[in-house]
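Visitor: Provided herewith is a single structure, encoded as structure tokens, for subsequent inquiry.
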Number of protein chains: 2
Amino acid sequence: MSTIVDVAKLAGVSTATVSRVINSPHSVRERTREKVIRAMKICNYKYNALARGFATKQSNTIGLVIPAISNPVFAESAQGVQDYAAGRKVQVILGNTHYQYEQEESLVKTLREKRVDGLIITTTSLKGDVLKDLLEEGFPFVLLYSTVKSGPLSVVGVDNYRGGYLATEHLVALGHHRIGMIAGNFSISDRSYHRWHGYRRCLRAYNIPYDKELLAQTDYSMDSGRDAVKRLLGVKNPPTAVFCSNDLLALGVMKGARESGLRLPQDLSIVGFDDIQTSSYVIPALTTIRQPAYEMGRKAAELLFQLMESPAKPVQWMLRSELITRESTTAPGIGKKLNSDFAPQKPSSVALNNNDGEILS
Amino acid sequence: MSTIVDVAKLAGVSTATVSRVINSPHSVRERTREKVIRAMKICNYKYNALARGFATKQSNTIGLVIPAISNPVFAESAQGVQDYAAGRKVQVILGNTHYQYEQEESLVKTLREKRVDGLIITTTSLKGDVLKDLLEEGFPFVLLYSTVKSGPLSVVGVDNYRGGYLATEHLVALGHHRIGMIAGNFSISDRSYHRWHGYRRCLRAYNIPYDKELLAQTDYSMDSGRDAVKRLLGVKNPPTAVFCSNDLLALGVMKGARESGLRLPQDLSIVGFDDIQTSSYVIPALTTIRQPAYEMGRKAAELLFQLMESPAKPVQWMLRSELITRESTTAPGIGKKLNSDFAPQKPSSVALNNNDGEILS
DNA sequence: TCTTGCAATGTAAACGTTTACAATAAATTG
DNA sequence: CAATTTATTGTAAACGTTTACATTGCAAGA
């Protein structure tokens, strides 16, 4: 395969000139440029970006580390990252952690060995020192879907605590007081933990006793949601509503609930989290907490590029979580006896905004 | 940042030895190895895969070119590719074409400049000479979701023609004879074209007149499906069933049909194509043609790795398309007057297997 | 003890760019 | 037209590995 020196020889110029034709065409006289381009064609010259990367210590490549591209939320975000990066002529290497910290660790290592110029990471856990290392070395990276709100980190995420609170409050306001939650394993994702925290805080604020029987923890998939809701429905005093820590679970819950003979939403109100595209297409359309995945991915990329240019000032871009009310939630007990001795109380005013997201030490 | 020579110096060995410690640890005596490893730690040595790639002309990276990662089918496939590649310690660079041939062209170029070791491509069009070039140069690549069945190409795909035929036949068998189709633009994807071809052939085989008013062409999204079905429903003699060239469209059709006041499946039978995960979770669960996206991605990766090892023998892995009958299809006119003067005839026996997929010239 | 052979290590070139600096050519100025 | 400035091109080192080949060290066999 021909190289820059072959081209140079053929065109009767130096390699430097050829390089210039490639990188800053206007710094070379038109006549020479044409000569060189002709030579390139004759040689069937193929640029070697690897050699360039080696010489310049830049790969024009960024890494995207997410739990699983098969989850629509992450796929949407990936699309956002991609689209932004493509506009800057940068490629993205995708890495899936499958929600395992060790994978995250080894992935980051490999990507850095590949000399990616920056990293966008959806952490599975903040326990390890991957981030700390990156930080110490001043390597540009941004956390996507992170809950961390402080520290010298660049972050784009939503307020998961608040989302959990809002979702629950919506159900309470409709009159529910047996509200279950189906959550991802807390060990797997602190996002889920914060959502649960919001849920719990809200219950407390409205003086609804927390019943740990109404919490199911699983992994993030429709199948899991379907199984989990059946478990929840089996307890002695089953919930009239469930809050799911993502839409995938919620979709599964719909299926499971119907298989158990429940009508939706009359017999079971369901709230999700994410607002993936299908959620608005399903019947009944899913009430959920919106997380604009595409935009978040895009924004993360934007932040990363800023960071790569001037490594100084990290930015936090935290979205206010927002409740999208659709058809999957309604007042409880329609067509059934209503447990009317319950009336929700005013919440303590601080609860909603008292988000104690974890801080990276 | 420290390099192999720093380490070598510190450990009192040659760079060759350090390199050996990295690449074939057992070819060096244990004592030396330990010395080297200790030196690496002290230097905080970081391996430079870019330099390696430069030296060896291998990047341990493959490229995956798909229309859009936000489409669940491609996301699943990407996951399959990823998972397989990860097992081989290879990373994947993701590229989205947004269904545009020019993008595909430039993407392939960029990825080759980056010296990916191989390519998995879901073509948008077989018109251009991207593939021909790759082929001529003996560059390893496999086509994913391709319809091409001949030529020295490695391919994994399903028989789209047959899928279209089966879907349509299912509807005919249920008694439908006003069967619409919502397809992706043929210019955008030959997959859609072949599915339509199967649809048309099936109609002919059962002596049902083809009505081009019942064909709607759009891009691939739920929104488009929703809009398209409304258009179809508006014609003078509207369809009692529609075949959608993918599940995303079908999901949109469900929404659109219901918004038009139709009951599903009584007033409109719907068949999709792909069998994405949500399709079995939706109500009514979607009848569709199965395309095992994850496995296909995995298989494509497997084929690619074979090809990268011994560039000789391309393989075709064409799946037999399979109809998954669920709840979104039923006999027409339930609760309405039945147009009973129609009885389907036996089809000509050749039609189903006469797949004339296009051949790359 | 001397060979012989193998295992472990070293030497140095090669990979294809970029880029600081030097050299030359062209354009401008007085 | 000479002097100066500016635009264009050339020279050569540097980037961090790998690897073919050469060398050395060591153990075993005679």
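Labels for the structure tokens follow display order: chains A, B, ..., residues from 1 in each chain, ligands from 1.
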Taking the chain letters and numbering used in this document, name the residues of segment 139-286 of chain B that DSSP puts in strand (DSSP E), as a PyMOL selection string.
Guide: chain B and resi 141-144+154-158+179-184+215-218+241-244+269-274
Visitor: Pick out the chain B residues within 9 Å of chain C. Count only C-alpha atoms (C1' of nucleotides). Give them as a list in words.
Guide: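 Here is what falls inside 9 Å: Val13, Ser14, Thr15, Ala16, Thr17, Ser27, Val28, Arg29, Phe54, Ala55, Thr56 and Lys57 of chain B.
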Visitor: With only C-alpha atoms (C1' of nucleotides) as the atoms that count, which of B:Val235, B:Val229, B:Ile22, B:Cys244 lies nearest to chain D?
Guide: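 Distance minimum relative to chain D lands on B:Ile22.
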Visitor: Can you write out as JSON lines which residues of chain D fall within 8 Å of chain A, alongside each residue's closest atom pair and its distance in Å to one decimal, counting only C-alpha atoms (C1' of nucleotides) and ordering rows by chain and ascending residue number?
Guide:
```
{"residue": "D:DT8", "atom": "C1'", "partner": "A:Val28", "partner_atom": "CA", "distance": 6.4}
{"residue": "D:DT9", "atom": "C1'", "partner": "A:Thr17", "partner_atom": "CA", "distance": 6.9}
{"residue": "D:DG10", "atom": "C1'", "partner": "A:Ser14", "partner_atom": "CA", "distance": 6.2}
{"residue": "D:DC15", "atom": "C1'", "partner": "A:Ala55", "partner_atom": "CA", "distance": 4.9}
{"residue": "D:DG16", "atom": "C1'", "partner": "A:Phe54", "partner_atom": "CA", "distance": 7.9}
```
Visitor: Given a cut-off of 8 Å, which residues of chain A touch chain B, counting only C-alpha atoms, written out as number ranges by chain?
Guide: A: 46-51, 53-54, 68-70, 72, 75-76, 78-79, 82, 91-96, 113-115, 251-252, 255, 278, 281-283
Visitor: For the selection just defined, write its residues with C-alpha atoms to a file, as a compact mmCIF listing (two decimals), in the first residue's frame.
Guide:
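The result, stored in selection_22.txt:
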```txt
# COMPACT_ATOMS: atom_id res chain seq x y z
CA LYS A 46 -4.89 5.81 1.22
CA TYR A 47 -4.40 8.08 4.15
CA ASN A 48 -3.25 6.36 7.31
CA ALA A 49 -5.02 7.87 10.27
CA LEU A 50 -3.29 5.50 12.61
CA ALA A 51 0.08 6.91 11.66
CA GLY A 53 -2.65 9.52 15.49
CA PHE A 54 0.69 8.12 16.42
CA ALA A 68 -25.99 -1.71 27.15
CA ILE A 69 -26.75 -0.31 23.74
CA SER A 70 -29.80 -2.54 23.53
CA PRO A 72 -33.44 2.25 24.03
CA ALA A 75 -29.31 3.84 22.14
CA GLU A 76 -30.98 7.23 21.84
CA ALA A 78 -25.62 7.11 21.69
CA GLN A 79 -27.31 8.52 18.64
CA GLN A 82 -22.73 10.12 17.46
CA GLN A 91 -15.70 8.75 15.44
CA VAL A 92 -16.99 7.04 18.51
CA ILE A 93 -15.98 3.71 19.91
CA LEU A 94 -18.77 2.05 21.76
CA GLY A 95 -18.31 -0.02 24.87
CA ASN A 96 -20.93 -1.94 26.84
CA GLU A 113 -4.76 2.72 25.43
CA LYS A 114 -6.42 3.33 22.10
CA ARG A 115 -5.81 6.97 22.82
CA LEU A 251 -43.84 -1.96 29.82
CA GLY A 252 -43.17 -5.34 31.31
CA LYS A 255 -47.91 -7.10 30.30
CA THR A 278 -42.62 3.43 22.72
CA TYR A 281 -47.28 4.57 21.64
CA VAL A 282 -48.42 1.90 24.00
CA ILE A 283 -52.00 1.54 25.19
```
Visitor: Of the candidates B:Gly118, B:Gly234, B:Gly272, B:Gly180, which shows the shortest atom-to-atom distance to Phe141 of chain B, using only C-alpha atoms?
Guide: B:Gly118
Visitor: To test your reading of the structure, identify every residue in segment 84-125 of chain A that backbone DSSP assigns to alpha helix (DSSP H), and report it as a JSON list (two decimals) with N, CA and C atoms, in the first residue's frame.
Guide:
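Output file states13.json follows:
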```
[["chain", "number", "residue", "atom", "x", "y", "z"],
["A", 84, "TYR", "N", -23.48, 14.40, 17.15],
["A", 84, "TYR", "CA", -22.66, 15.56, 17.46],
["A", 84, "TYR", "C", -21.21, 15.33, 17.04],
["A", 85, "ALA", "N", -20.70, 14.17, 17.40],
["A", 85, "ALA", "CA", -19.30, 13.86, 17.10],
["A", 85, "ALA", "C", -19.05, 13.84, 15.59],
["A", 86, "ALA", "N", -20.00, 13.25, 14.86],
["A", 86, "ALA", "CA", -19.84, 13.16, 13.41],
["A", 86, "ALA", "C", -19.69, 14.56, 12.81],
["A", 87, "GLY", "N", -20.44, 15.50, 13.36],
["A", 87, "GLY", "CA", -20.34, 16.88, 12.90],
["A", 87, "GLY", "C", -18.95, 17.45, 13.11],
["A", 101, "TYR", "N", -19.08, -3.37, 37.00],
["A", 101, "TYR", "CA", -18.04, -2.40, 37.25],
["A", 101, "TYR", "C", -16.70, -2.80, 36.65],
["A", 102, "GLU", "N", -16.40, -4.08, 36.72],
["A", 102, "GLU", "CA", -15.10, -4.55, 36.21],
["A", 102, "GLU", "C", -14.99, -4.26, 34.71],
["A", 103, "GLN", "N", -16.10, -4.45, 34.03],
["A", 103, "GLN", "CA", -16.14, -4.16, 32.60],
["A", 103, "GLN", "C", -15.86, -2.69, 32.35],
["A", 104, "GLU", "N", -16.47, -1.89, 33.19],
["A", 104, "GLU", "CA", -16.30, -0.46, 33.05],
["A", 104, "GLU", "C", -14.82, -0.11, 33.19],
["A", 105, "GLU", "N", -14.24, -0.70, 34.20],
["A", 105, "GLU", "CA", -12.84, -0.45, 34.50],
["A", 105, "GLU", "C", -11.96, -0.86, 33.31],
["A", 106, "SER", "N", -12.16, -2.07, 32.83],
["A", 106, "SER", "CA", -11.27, -2.55, 31.78],
["A", 106, "SER", "C", -11.54, -1.82, 30.47],
["A", 107, "LEU", "N", -12.79, -1.45, 30.28],
["A", 107, "LEU", "CA", -13.14, -0.72, 29.06],
["A", 107, "LEU", "C", -12.44, 0.64, 29.02],
["A", 108, "VAL", "N", -12.51, 1.33, 30.11],
["A", 108, "VAL", "CA", -11.86, 2.64, 30.16],
["A", 108, "VAL", "C", -10.37, 2.49, 29.92],
["A", 109, "LYS", "N", -9.82, 1.47, 30.49],
["A", 109, "LYS", "CA", -8.39, 1.24, 30.28],
["A", 109, "LYS", "C", -8.09, 1.02, 28.80],
["A", 110, "THR", "N", -8.81, 0.10, 28.19],
["A", 110, "THR", "CA", -8.58, -0.19, 26.78],
["A", 110, "THR", "C", -8.75, 1.04, 25.91],
["A", 111, "LEU", "N", -9.80, 1.78, 26.19],
["A", 111, "LEU", "CA", -10.07, 2.95, 25.36],
["A", 111, "LEU", "C", -8.95, 3.98, 25.51],
["A", 112, "ARG", "N", -8.44, 4.10, 26.70],
["A", 112, "ARG", "CA", -7.35, 5.05, 26.88],
["A", 112, "ARG", "C", -6.10, 4.57, 26.18],
["A", 113, "GLU", "N", -5.90, 3.26, 26.18],
["A", 113, "GLU", "CA", -4.76, 2.72, 25.43],
["A", 113, "GLU", "C", -4.91, 3.03, 23.95]]
```
Visitor: Find the spatial neighbours of Ile179 of chain B, counting only C-alpha atoms (C1' of nucleotides), within a cut-off of 6 Å - ignore same-chain residues fewer than 3 positions away - and output them as a VMD selection string.
Guide: chain B and resid 239 241 to 242
Visitor: Using atom CA of Val65 of chain A and atom CA of Ile120 of chain A as the two end points, give the distance in Å to one decimal.
Guide: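 Atom CA of Ile120 of chain A lies 6.1 Å from atom CA of Val65 of chain A.
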Visitor: For Ile37 of chain B, work out the shell of residues within 10 Å, counting only C-alpha atoms (C1' of nucleotides) and skipping chain neighbours fewer than 2 positions away, then give it as number ranges by chain.
Guide: B: 7, 11, 18, 21-22, 32-35, 39-43, 45
Visitor: For the atom pair atom CA of Lys313 of chain B and atom CA of Leu134 of chain B, what is the interatomic distance in Å to one decimal place?
Guide: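 Computing it gives 15.0 Å between the two atoms.
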